[in-house]
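Engineer: My structure is stored as my_file.cif, with mmCIF, C-alpha atoms and all ligand atoms.
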```
data_query
loop_
_atom_site.label_atom_id
_atom_site.label_comp_id
_atom_site.auth_asym_id
_atom_site.auth_seq_id
_atom_site.Cartn_x
_atom_site.Cartn_y
_atom_site.Cartn_z
CA GLU M 1 33.88 -30.17 -6.24
CA GLU M 2 33.91 -27.27 -3.81
CA TRP M 3 30.98 -24.99 -2.98
CA LYS M 4 31.71 -21.75 -1.12
CA PHE M 5 29.22 -20.36 1.42
CA ALA M 6 29.82 -16.88 2.89
CA LEU M 7 28.36 -15.47 6.11
CA GLU M 8 27.57 -11.92 7.17
CA GLU M 9 28.17 -13.09 10.73
CA VAL M 10 31.07 -14.52 12.73
CA SER M 11 31.72 -18.17 13.64
CA GLY M 12 29.27 -19.34 16.29
CA SER M 13 26.44 -17.16 14.92
CA VAL M 14 22.99 -18.24 13.72
CA GLN M 15 24.12 -17.96 10.08
CA ASP M 16 27.12 -20.13 10.93
CA ALA M 17 24.81 -22.76 12.48
CA TYR M 18 22.85 -22.76 9.22
CA ALA M 19 25.90 -23.04 7.00
CA GLN M 20 27.58 -25.72 9.12
CA LYS M 21 24.48 -27.90 9.01
CA PHE M 22 24.16 -27.25 5.28
CA LYS M 23 27.79 -28.32 4.86
CA GLN M 24 27.28 -31.49 6.89
CA LEU M 25 24.14 -32.53 4.99
CA ILE M 26 25.51 -31.76 1.52
CA GLU M 27 28.78 -33.56 2.19
CA GLU M 28 26.98 -36.62 3.61
CA LYS M 29 24.36 -36.81 0.90
CA SER M 30 26.83 -36.36 -1.93
CA GLY M 31 28.97 -39.14 -0.49
CA GLY M 32 31.87 -36.71 -0.14
CA LYS M 33 31.82 -35.70 -3.84
CA ILE M 34 30.96 -32.13 -2.87
CA SER M 35 32.75 -30.24 -0.12
CA VAL M 36 31.37 -27.01 1.31
CA THR M 37 33.70 -24.29 2.63
CA VAL M 38 32.16 -21.76 5.03
CA TYR M 39 33.60 -18.23 5.13
CA PRO M 40 32.69 -16.34 8.32
CA TYR M 41 32.16 -12.56 8.40
CA GLY M 42 35.34 -10.63 7.86
CA ALA M 43 36.96 -13.13 5.51
CA LEU M 44 35.50 -11.75 2.27
CA GLY M 45 33.94 -8.37 2.97
CA GLU M 46 30.75 -6.61 4.03
CA SER M 47 27.30 -7.99 3.34
CA GLU M 48 26.95 -6.07 0.04
CA ASP M 49 30.26 -7.52 -1.18
CA LEU M 50 29.11 -11.06 -0.46
CA THR M 51 25.89 -10.58 -2.43
CA GLU M 52 27.94 -9.18 -5.32
CA LEU M 53 30.34 -12.13 -5.23
CA VAL M 54 27.43 -14.56 -5.44
CA ALA M 55 25.77 -12.59 -8.25
CA ASN M 56 29.09 -12.77 -10.14
CA GLY M 57 29.40 -16.50 -9.52
CA VAL M 58 32.63 -16.21 -7.48
CA LEU M 59 30.80 -17.66 -4.46
CA GLN M 60 27.93 -20.13 -4.64
CA PHE M 61 25.99 -19.22 -1.46
CA THR M 62 25.60 -16.34 0.94
CA HIS M 63 23.23 -14.86 3.48
CA GLY M 64 21.65 -11.48 2.74
CA SER M 65 20.07 -9.53 5.59
CA THR M 66 16.92 -8.01 4.20
CA GLY M 67 17.86 -4.73 5.90
CA ILE M 68 20.97 -4.55 3.74
CA LEU M 69 19.70 -6.25 0.57
CA GLY M 70 17.04 -3.56 0.46
CA SER M 71 19.61 -0.95 -0.46
CA THR M 72 20.30 -2.71 -3.79
CA ALA M 73 17.13 -4.79 -4.27
CA PRO M 74 14.48 -2.25 -3.18
CA GLY M 75 11.65 -4.82 -3.01
CA MET M 76 13.41 -6.61 -0.14
CA GLN M 77 12.66 -3.55 2.00
CA VAL M 78 9.20 -4.96 2.51
CA PHE M 79 10.77 -7.08 5.28
CA SER M 80 11.87 -3.87 7.02
CA VAL M 81 8.28 -2.70 7.44
CA PRO M 82 7.76 -2.76 11.21
CA TYR M 83 5.22 -5.21 12.68
CA LEU M 84 4.98 -7.18 9.41
CA LEU M 85 5.72 -10.71 10.63
CA SER M 86 3.43 -12.72 12.89
CA GLN M 87 4.01 -13.06 16.64
CA ASP M 88 3.68 -16.79 15.96
CA ASN M 89 6.85 -18.28 14.45
CA ALA M 90 4.95 -21.35 13.16
CA VAL M 91 3.16 -18.89 10.88
CA ASN M 92 6.46 -17.22 9.93
CA LEU M 93 8.03 -20.60 9.13
CA LYS M 94 5.31 -21.34 6.60
CA LEU M 95 5.36 -17.82 5.23
CA LEU M 96 9.11 -17.52 4.84
CA THR M 97 9.61 -20.95 3.28
CA GLU M 98 6.45 -21.39 1.16
CA SER M 99 4.87 -18.02 0.43
CA PRO M 100 3.74 -17.77 -3.21
CA THR M 101 4.49 -14.03 -3.01
CA ILE M 102 8.04 -14.49 -1.71
CA TYR M 103 8.90 -17.35 -4.08
CA GLY M 104 7.00 -15.64 -6.93
CA PRO M 105 7.41 -11.89 -7.50
CA VAL M 106 10.04 -11.31 -4.77
CA ALA M 107 12.30 -14.14 -5.98
CA ASP M 108 11.78 -13.15 -9.63
CA LYS M 109 13.05 -9.67 -8.87
CA LEU M 110 16.23 -11.11 -7.35
CA LYS M 111 16.73 -13.28 -10.44
CA THR M 112 17.17 -10.11 -12.49
CA ARG M 113 20.34 -9.63 -10.42
CA ASN M 114 21.37 -13.29 -10.92
CA LEU M 115 20.42 -14.12 -7.32
CA ARG M 116 18.41 -17.22 -6.47
CA LEU M 117 16.32 -16.99 -3.32
CA LEU M 118 16.65 -20.41 -1.67
CA SER M 119 15.12 -19.73 1.71
CA MET M 120 14.38 -17.11 4.34
CA TYR M 121 14.33 -17.28 8.12
CA PRO M 122 14.18 -15.01 11.16
CA GLU M 123 17.21 -14.70 13.45
CA GLY M 124 15.31 -13.34 16.43
CA ASP M 125 13.53 -10.27 17.72
CA MET M 126 15.26 -6.98 17.13
CA VAL M 127 16.40 -5.61 20.49
CA TRP M 128 17.52 -2.02 20.99
CA THR M 129 20.74 -1.38 22.85
CA THR M 130 21.11 2.17 24.14
CA ASN M 131 22.52 4.08 27.08
CA LYS M 132 19.24 5.62 28.18
CA VAL M 133 15.87 3.98 28.66
CA VAL M 134 13.56 4.39 25.66
CA ARG M 135 9.91 3.68 26.38
CA LYS M 136 8.20 6.19 24.10
CA PRO M 137 9.07 7.93 20.83
CA ALA M 138 9.98 11.17 22.67
CA ASP M 139 12.72 9.27 24.55
CA PHE M 140 14.46 8.72 21.19
CA ALA M 141 14.97 12.49 20.67
CA ASN M 142 18.59 13.10 19.61
CA VAL M 143 19.44 9.41 20.05
CA LYS M 144 21.64 8.30 17.15
CA MET M 145 20.56 4.76 16.29
CA ARG M 146 22.68 2.69 13.94
CA VAL M 147 20.64 0.87 11.32
CA MET M 148 21.47 -1.38 8.38
CA ALA M 149 21.64 0.50 5.08
CA SER M 150 18.02 0.07 3.96
CA PRO M 151 16.28 3.44 3.38
CA MET M 152 13.16 1.93 4.96
CA LEU M 153 15.02 1.40 8.22
CA VAL M 154 16.21 5.00 8.12
CA GLU M 155 12.62 6.19 7.68
CA THR M 156 11.31 3.83 10.35
CA TYR M 157 13.74 5.13 12.96
CA LYS M 158 12.90 8.71 11.98
CA SER M 159 9.25 7.88 12.55
CA PHE M 160 10.16 6.41 15.95
CA GLY M 161 11.71 9.79 16.85
CA ALA M 162 15.39 8.74 16.67
CA VAL M 163 18.28 9.94 14.52
CA PRO M 164 19.07 6.96 12.25
CA THR M 165 22.68 6.39 11.19
CA PRO M 166 23.45 3.66 8.61
CA LEU M 167 26.78 1.92 9.21
CA PRO M 168 28.32 -1.44 8.25
CA TYR M 169 28.06 -4.16 10.89
CA SER M 170 31.81 -4.23 11.48
CA GLU M 171 31.85 -0.55 12.50
CA VAL M 172 29.08 -0.64 15.09
CA TYR M 173 31.14 -1.57 18.15
CA GLY M 174 33.77 1.11 17.55
CA ALA M 175 31.16 3.76 16.79
CA LEU M 176 29.33 2.95 20.05
CA GLN M 177 32.60 3.03 21.97
CA LEU M 178 33.56 6.42 20.48
CA LYS M 179 30.00 7.70 21.04
CA MET M 180 29.56 8.50 17.36
CA ILE M 181 26.28 6.64 17.75
CA ASP M 182 24.17 6.07 20.88
CA GLY M 183 22.52 2.76 20.10
CA GLN M 184 21.70 0.04 17.58
CA GLU M 185 19.25 -2.82 16.96
CA ASN M 186 20.02 -6.52 16.55
CA PRO M 187 18.93 -9.92 17.85
CA VAL M 188 20.28 -10.96 21.27
CA PHE M 189 22.76 -13.54 19.93
CA ALA M 190 24.41 -10.82 17.82
CA ILE M 191 24.49 -8.34 20.71
CA GLU M 192 26.37 -10.99 22.66
CA GLU M 193 28.86 -12.15 20.03
CA MET M 194 29.59 -8.63 18.73
CA LYS M 195 29.89 -7.43 22.37
CA PHE M 196 27.53 -4.47 21.87
CA TYR M 197 26.35 -4.96 25.48
CA GLU M 198 29.81 -3.88 26.65
CA VAL M 199 29.32 -0.40 25.17
CA ASN M 200 25.59 0.07 25.86
CA ASP M 201 23.73 -0.19 29.19
CA VAL M 202 20.11 -0.89 28.28
CA MET M 203 18.51 -3.65 26.19
CA THR M 204 14.93 -3.07 25.08
CA TRP M 205 12.53 -5.60 23.56
CA SER M 206 10.43 -3.31 21.39
CA GLY M 207 8.38 -6.02 19.67
CA HIS M 208 8.47 -4.15 16.36
CA GLN M 209 10.36 -6.60 14.20
CA GLN M 210 12.36 -9.76 13.75
CA PHE M 211 15.65 -9.77 11.95
CA THR M 212 15.05 -11.67 8.69
CA VAL M 213 17.64 -13.03 6.32
CA ALA M 214 17.63 -14.53 2.83
CA VAL M 215 19.71 -17.54 1.81
CA LEU M 216 20.97 -16.76 -1.67
CA SER M 217 22.71 -18.60 -4.45
CA SER M 218 23.88 -17.64 -7.92
CA GLU M 219 20.96 -18.19 -10.31
CA SER M 220 23.05 -18.97 -13.40
CA TRP M 221 25.29 -21.32 -11.42
CA TYR M 222 22.26 -23.12 -9.96
CA GLN M 223 20.63 -23.47 -13.38
CA GLY M 224 23.86 -24.92 -14.79
CA LEU M 225 24.00 -27.72 -12.20
CA PRO M 226 22.92 -31.29 -13.02
CA ALA M 227 19.32 -31.94 -11.95
CA GLU M 228 20.33 -34.18 -9.05
CA GLN M 229 22.54 -31.46 -7.54
CA ARG M 230 19.75 -28.90 -7.82
CA ALA M 231 17.47 -31.38 -6.07
CA LEU M 232 20.12 -31.94 -3.41
CA ILE M 233 20.22 -28.20 -2.66
CA ASP M 234 16.42 -27.82 -2.64
CA GLU M 235 15.92 -30.81 -0.37
CA THR M 236 18.66 -29.71 2.04
CA VAL M 237 17.30 -26.18 2.28
CA GLU M 238 13.85 -27.58 3.06
CA GLU M 239 15.27 -29.82 5.76
CA LEU M 240 17.16 -26.92 7.31
CA ALA M 241 14.15 -24.64 7.84
CA PRO M 242 12.75 -26.17 11.07
CA TYR M 243 16.32 -26.68 12.35
CA ILE M 244 17.27 -23.04 12.01
CA PHE M 245 13.98 -21.77 13.46
CA GLU M 246 14.67 -23.82 16.60
CA THR M 247 18.36 -23.03 16.70
CA GLN M 248 17.93 -19.26 16.52
CA ALA M 249 15.47 -19.36 19.45
CA LYS M 250 17.92 -21.45 21.48
CA TYR M 251 20.89 -19.21 20.63
CA ASN M 252 18.97 -16.08 21.61
CA ASP M 253 17.93 -17.58 24.98
CA GLU M 254 21.41 -18.87 25.78
CA ARG M 255 23.20 -15.68 24.80
CA LEU M 256 20.94 -13.56 26.99
CA GLU M 257 22.12 -15.61 29.97
CA LYS M 258 25.71 -15.03 28.88
CA ILE M 259 25.15 -11.28 28.69
CA LYS M 260 23.55 -11.22 32.16
CA GLN M 261 26.54 -13.08 33.54
CA ALA M 262 29.11 -10.90 31.82
CA LYS M 263 27.31 -7.65 32.76
CA PRO M 264 25.00 -8.07 35.76
CA GLY M 265 24.20 -4.34 35.71
CA ILE M 266 22.66 -4.44 32.24
CA GLN M 267 19.13 -3.05 32.31
CA LEU M 268 16.52 -5.19 30.53
CA VAL M 269 13.35 -3.45 29.40
CA ARG M 270 10.29 -4.98 27.76
CA LEU M 271 7.86 -2.48 26.29
CA THR M 272 4.28 -3.00 27.45
CA GLU M 273 1.46 -3.37 24.94
CA ASP M 274 0.57 0.30 25.42
CA GLU M 275 4.13 1.45 24.95
CA GLN M 276 4.41 -0.67 21.80
CA ALA M 277 1.20 0.86 20.49
CA ALA M 278 2.77 4.34 20.52
CA PHE M 279 5.64 3.20 18.28
CA ARG M 280 3.24 1.30 16.06
CA LYS M 281 1.17 4.43 15.62
CA ALA M 282 4.22 6.57 14.92
CA SER M 283 5.37 4.17 12.19
CA GLN M 284 1.99 3.85 10.47
CA PRO M 285 3.10 6.03 7.49
CA MET M 286 5.84 3.46 6.71
CA ARG M 287 3.44 1.52 4.50
CA GLU M 288 3.13 4.56 2.23
CA LYS M 289 6.85 5.15 2.53
CA LEU M 290 7.58 1.68 1.18
CA VAL M 291 5.72 2.52 -2.03
CA GLN M 292 7.60 5.83 -2.35
CA LEU M 293 10.97 4.17 -1.78
CA ALA M 294 10.54 0.83 -3.52
CA GLY M 295 7.70 1.39 -5.97
CA PRO M 296 4.12 0.18 -6.33
CA GLU M 297 5.22 -3.47 -6.78
CA ALA M 298 6.64 -3.44 -3.26
CA GLY M 299 3.32 -2.06 -2.06
CA SER M 300 1.51 -4.97 -3.71
CA VAL M 301 3.96 -7.44 -2.19
CA LEU M 302 3.31 -5.95 1.25
CA LYS M 303 -0.46 -6.29 0.86
CA ALA M 304 -0.15 -9.86 -0.42
CA LEU M 305 2.13 -10.86 2.48
CA GLU M 306 -0.21 -9.31 5.05
CA GLN M 307 -3.06 -11.27 3.50
CA GLU M 308 -1.06 -14.52 3.59
CA ILE M 309 -0.11 -13.94 7.23
CA MET M 310 -3.74 -13.31 8.16
CA GLU M 311 -4.79 -16.55 6.49
CA LEU M 312 -1.98 -18.59 8.05
CA GLU M 313 -2.88 -17.19 11.46
CA LYS M 314 -6.44 -18.48 11.07
CA GLN M 315 -5.26 -22.07 10.44
O1 LIG R 1 23.28 -5.55 11.85
C1 LIG R 1 23.81 -6.08 10.88
O2 LIG R 1 24.26 -5.43 9.94
C2 LIG R 1 23.96 -7.59 10.87
N1 LIG R 1 23.22 -8.22 11.92
C3 LIG R 1 23.13 -9.51 11.95
C4 LIG R 1 22.50 -10.18 13.10
N2 LIG R 1 23.51 -10.27 10.93
C5 LIG R 1 24.15 -9.74 9.73
C6 LIG R 1 23.87 -8.28 9.56
O3 LIG R 1 24.71 -7.71 8.61
#
```
Take the structure in the file and give it back as structure tokens.

Structural biologist:
Amino acid sequence: EEWKFALEEVSGSVQDAYAQKFKQLIEEKSGGKISVTVYPYGALGESEDLTELVANGVLQFTHGSTGILGSTAPGMQVFSVPYLLSQDNAVNLKLLTESPTIYGPVADKLKTRNLRLLSMYPEGDMVWTTNKVVRKPADFANVKMRVMASPMLVETYKSFGAVPTPLPYSEVYGALQLKMIDGQENPVFAIEEMKFYEVNDVMTWSGHQQFTVAVLSSESWYQGLPAEQRALIDETVEELAPYIFETQAKYNDERLEKIKQAKPGIQLVRLTEDEQAAFRKASQPMREKLVQLAGPEAGSVLKALEQEIMELEKQ
């Protein structure tokens, strides 16, 4: 039996690390009865295509960036609300793998599209790459920032003072090179492997968000599996959570060193607390925006998640 797992990222990425470990564990535990084939980004299409292929049962597993999933599953845009996740990844691990809100109403909504939400994890802090230094919203004036297709991201970057430009991942490098856009946001490991640092001169840690991704399967396919195979998937996904949290942190640290070596002139900027506060203030209306764009249910999900985070932070 063969299970197919697609990635929205290239070989060597965080998603690849996840899928390779998943493959290893499933193949071992099934005693070789199941083999998992991993398809890196580019093999089967853009992120939206992969989600569609899983919903149609052509593929069994994929990753769905919440910033892209939000364009077709509006509720997922809640993860594009800036400053949502905790600064403490131990809190985020619990939230993203056990939250009754995520695995209740959020997952139920995905089921209506035949998608099963298996897990979620962060892939690292979003870092801006630009050609000029951006320390305050006014610095973003006329700066065309590429974002994933979620309307919430478009609105967030407008609120930050930039000119948001949605584009598929595969087109970002070329668009930066041709100066059709001035900058983009992604975790460090992605900036390294997609070579965005070659065509931008400044990297800025804005502190406003982590990149979060959903691990998805086909709901009807999953429900049709024998109980022991469903259990095998559930148990493997649970085992993978701490592994991928550690691995993404390691990848992001290592790739920053690689970037510094490849481009010693790259300027690294970390926004101070005060500078971050100005962006936070500018994006305050995004909570209302979420309700306008994704409906009152998304607003309730946001409130419930914020409550869960607060409680987890107290523990
Ligand atoms: O920016 C993007 O579109 C992509 N970034 C990453 C790190 N993974 C997949 C996603 O599509």

Engineer: My list of candidates is M:Gln284, M:Gln315, M:Asn142, M:Asn186. Which is closest to ligand LIG 1 (chain R) when distances are computed with only C-alpha atoms and all ligand atoms?

Structural biologist: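 The closest residue to ligand LIG 1 (chain R) is M:Asn186.
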
Engineer: Here is a test: counting all atoms listed in the file, which residue of M:Phe196, M:Tyr18, M:Tyr103, M:Tyr83 is nearest to Ile309 in chain M?

Structural biologist: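 Closest candidate: M:Tyr83.
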
Engineer: Find, counting all atoms listed in the file, the residue in M:Pro187, M:Pro74, M:Pro137, M:Gly161 that gets nearest to Gly124 in chain M.

Structural biologist: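 Using all atoms listed in the file, Gly124 in chain M sits closest to M:Pro187.
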
Engineer: Taking a cut-off of 10 Å and counting only C-alpha atoms and all ligand atoms, can you build a table that, for each residue of chain M near ligand LIG 1 (chain R), reports the nearest atom pair and how far apart they are in Å (one decimal), sorted by chain then residue number, as CSV?

Structural biologist:
```
residue,atom,partner,partner_atom,distance
M:Leu7,CA,R:LIG1,C5,8.0
M:Glu8,CA,R:LIG1,C5,4.8
M:Glu9,CA,R:LIG1,C5,5.3
M:Val10,CA,R:LIG1,N2,8.9
M:Ser13,CA,R:LIG1,C4,8.2
M:Val14,CA,R:LIG1,C4,8.1
M:Gln15,CA,R:LIG1,N2,7.8
M:Tyr41,CA,R:LIG1,C5,8.6
M:Glu46,CA,R:LIG1,O3,7.7
M:Ser47,CA,R:LIG1,O3,5.9
M:Glu48,CA,R:LIG1,O3,9.0
M:His63,CA,R:LIG1,C5,8.1
M:Gly64,CA,R:LIG1,O3,7.6
M:Ser65,CA,R:LIG1,C6,5.6
M:Thr66,CA,R:LIG1,C6,8.8
M:Gly67,CA,R:LIG1,O2,7.6
M:Ile68,CA,R:LIG1,O3,6.9
M:Leu69,CA,R:LIG1,O3,9.6
M:Pro122,CA,R:LIG1,C4,9.8
M:Glu123,CA,R:LIG1,C4,7.0
M:Gly124,CA,R:LIG1,C4,8.5
M:Met126,CA,R:LIG1,C4,8.9
M:Arg146,CA,R:LIG1,O1,8.5
M:Val147,CA,R:LIG1,O1,7.0
M:Met148,CA,R:LIG1,O2,5.2
M:Ala149,CA,R:LIG1,O2,8.1
M:Pro166,CA,R:LIG1,O2,9.2
M:Leu167,CA,R:LIG1,O2,7.8
M:Pro168,CA,R:LIG1,O2,5.9
M:Tyr169,CA,R:LIG1,O2,4.1
M:Ser170,CA,R:LIG1,O2,7.8
M:Glu171,CA,R:LIG1,O2,9.4
M:Val172,CA,R:LIG1,O1,8.3
M:Gln184,CA,R:LIG1,O1,8.2
M:Glu185,CA,R:LIG1,O1,7.1
M:Asn186,CA,R:LIG1,C4,5.6
M:Pro187,CA,R:LIG1,C4,5.9
M:Val188,CA,R:LIG1,C4,8.5
M:Phe189,CA,R:LIG1,C4,7.6
M:Ala190,CA,R:LIG1,C4,5.1
M:Ile191,CA,R:LIG1,C4,8.1
M:Glu193,CA,R:LIG1,C4,9.6
M:Met194,CA,R:LIG1,C4,9.2
M:Phe211,CA,R:LIG1,C4,7.0
M:Thr212,CA,R:LIG1,C4,8.8
M:Val213,CA,R:LIG1,N2,8.0
```

Engineer: The selected residues should be written to file as a PDB file, in the frame of the given file (atoms: C-alpha atoms).

Structural biologist:
```pdb
ATOM      1  CA  LEU M   7      28.360 -15.470   6.110  1.00  0.00           C
ATOM      2  CA  GLU M   8      27.570 -11.920   7.170  1.00  0.00           C
ATOM      3  CA  GLU M   9      28.170 -13.090  10.730  1.00  0.00           C
ATOM      4  CA  VAL M  10      31.070 -14.520  12.730  1.00  0.00           C
ATOM      5  CA  SER M  13      26.440 -17.160  14.920  1.00  0.00           C
ATOM      6  CA  VAL M  14      22.990 -18.240  13.720  1.00  0.00           C
ATOM      7  CA  GLN M  15      24.120 -17.960  10.080  1.00  0.00           C
ATOM      8  CA  TYR M  41      32.160 -12.560   8.400  1.00  0.00           C
ATOM      9  CA  GLU M  46      30.750  -6.610   4.030  1.00  0.00           C
ATOM     10  CA  SER M  47      27.300  -7.990   3.340  1.00  0.00           C
ATOM     11  CA  GLU M  48      26.950  -6.070   0.040  1.00  0.00           C
ATOM     12  CA  HIS M  63      23.230 -14.860   3.480  1.00  0.00           C
ATOM     13  CA  GLY M  64      21.650 -11.480   2.740  1.00  0.00           C
ATOM     14  CA  SER M  65      20.070  -9.530   5.590  1.00  0.00           C
ATOM     15  CA  THR M  66      16.920  -8.010   4.200  1.00  0.00           C
ATOM     16  CA  GLY M  67      17.860  -4.730   5.900  1.00  0.00           C
ATOM     17  CA  ILE M  68      20.970  -4.550   3.740  1.00  0.00           C
ATOM     18  CA  LEU M  69      19.700  -6.250   0.570  1.00  0.00           C
ATOM     19  CA  PRO M 122      14.180 -15.010  11.160  1.00  0.00           C
ATOM     20  CA  GLU M 123      17.210 -14.700  13.450  1.00  0.00           C
ATOM     21  CA  GLY M 124      15.310 -13.340  16.430  1.00  0.00           C
ATOM     22  CA  MET M 126      15.260  -6.980  17.130  1.00  0.00           C
ATOM     23  CA  ARG M 146      22.680   2.690  13.940  1.00  0.00           C
ATOM     24  CA  VAL M 147      20.640   0.870  11.320  1.00  0.00           C
ATOM     25  CA  MET M 148      21.470  -1.380   8.380  1.00  0.00           C
ATOM     26  CA  ALA M 149      21.640   0.500   5.080  1.00  0.00           C
ATOM     27  CA  PRO M 166      23.450   3.660   8.610  1.00  0.00           C
ATOM     28  CA  LEU M 167      26.780   1.920   9.210  1.00  0.00           C
ATOM     29  CA  PRO M 168      28.320  -1.440   8.250  1.00  0.00           C
ATOM     30  CA  TYR M 169      28.060  -4.160  10.890  1.00  0.00           C
ATOM     31  CA  SER M 170      31.810  -4.230  11.480  1.00  0.00           C
ATOM     32  CA  GLU M 171      31.850  -0.550  12.500  1.00  0.00           C
ATOM     33  CA  VAL M 172      29.080  -0.640  15.090  1.00  0.00           C
ATOM     34  CA  GLN M 184      21.700   0.040  17.580  1.00  0.00           C
ATOM     35  CA  GLU M 185      19.250  -2.820  16.960  1.00  0.00           C
ATOM     36  CA  ASN M 186      20.020  -6.520  16.550  1.00  0.00           C
ATOM     37  CA  PRO M 187      18.930  -9.920  17.850  1.00  0.00           C
ATOM     38  CA  VAL M 188      20.280 -10.960  21.270  1.00  0.00           C
ATOM     39  CA  PHE M 189      22.760 -13.540  19.930  1.00  0.00           C
ATOM     40  CA  ALA M 190      24.410 -10.820  17.820  1.00  0.00           C
ATOM     41  CA  ILE M 191      24.490  -8.340  20.710  1.00  0.00           C
ATOM     42  CA  GLU M 193      28.860 -12.150  20.030  1.00  0.00           C
ATOM     43  CA  MET M 194      29.590  -8.630  18.730  1.00  0.00           C
ATOM     44  CA  PHE M 211      15.650  -9.770  11.950  1.00  0.00           C
ATOM     45  CA  THR M 212      15.050 -11.670   8.690  1.00  0.00           C
ATOM     46  CA  VAL M 213      17.640 -13.030   6.320  1.00  0.00           C
TER      47      VAL M 213
END
```

Engineer: Neighbouring residues of Lys33 in chain M were defined as those with any atom within 9 Å, considering only C-alpha atoms; residues of the same chain fewer than 5 positions away were excluded. Please report them as a ChimeraX atom specification.

Structural biologist: /M:1-2,27-28

Engineer: Give me, as a PyMOL selection string, all polymer residues having an atom no more than 12 Å from range 235-250 of chain M, counting only C-alpha atoms and skipping those fewer than 4 positions away in the same chain.

Structural biologist: chain M and resi 12-30+61+88-98+117-125+187-190+210-217+228-231+254-257

Engineer: Check the smallest atom-to-atom distance from each of M:Glu52, M:Glu288, M:Glu198, M:Asp139 to Glu155 in chain M using only C-alpha atoms, then report the winner.

Structural biologist: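 Residue with the minimum atom-to-atom distance to Glu155 in chain M: M:Glu288.
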
Engineer: Can you work out the spacing between CA of Thr37 in chain M and CA of Asn114 in chain M in Å, to one decimal?

Structural biologist: 21.4 Å

Engineer: Using only C-alpha atoms, find the one residue out of M:Asn252, M:Gln77, M:Ser206, M:Thr72 that sits nearest to Leu302 in chain M.

Structural biologist: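 For Leu302 in chain M, the nearest of the candidates is M:Gln77.
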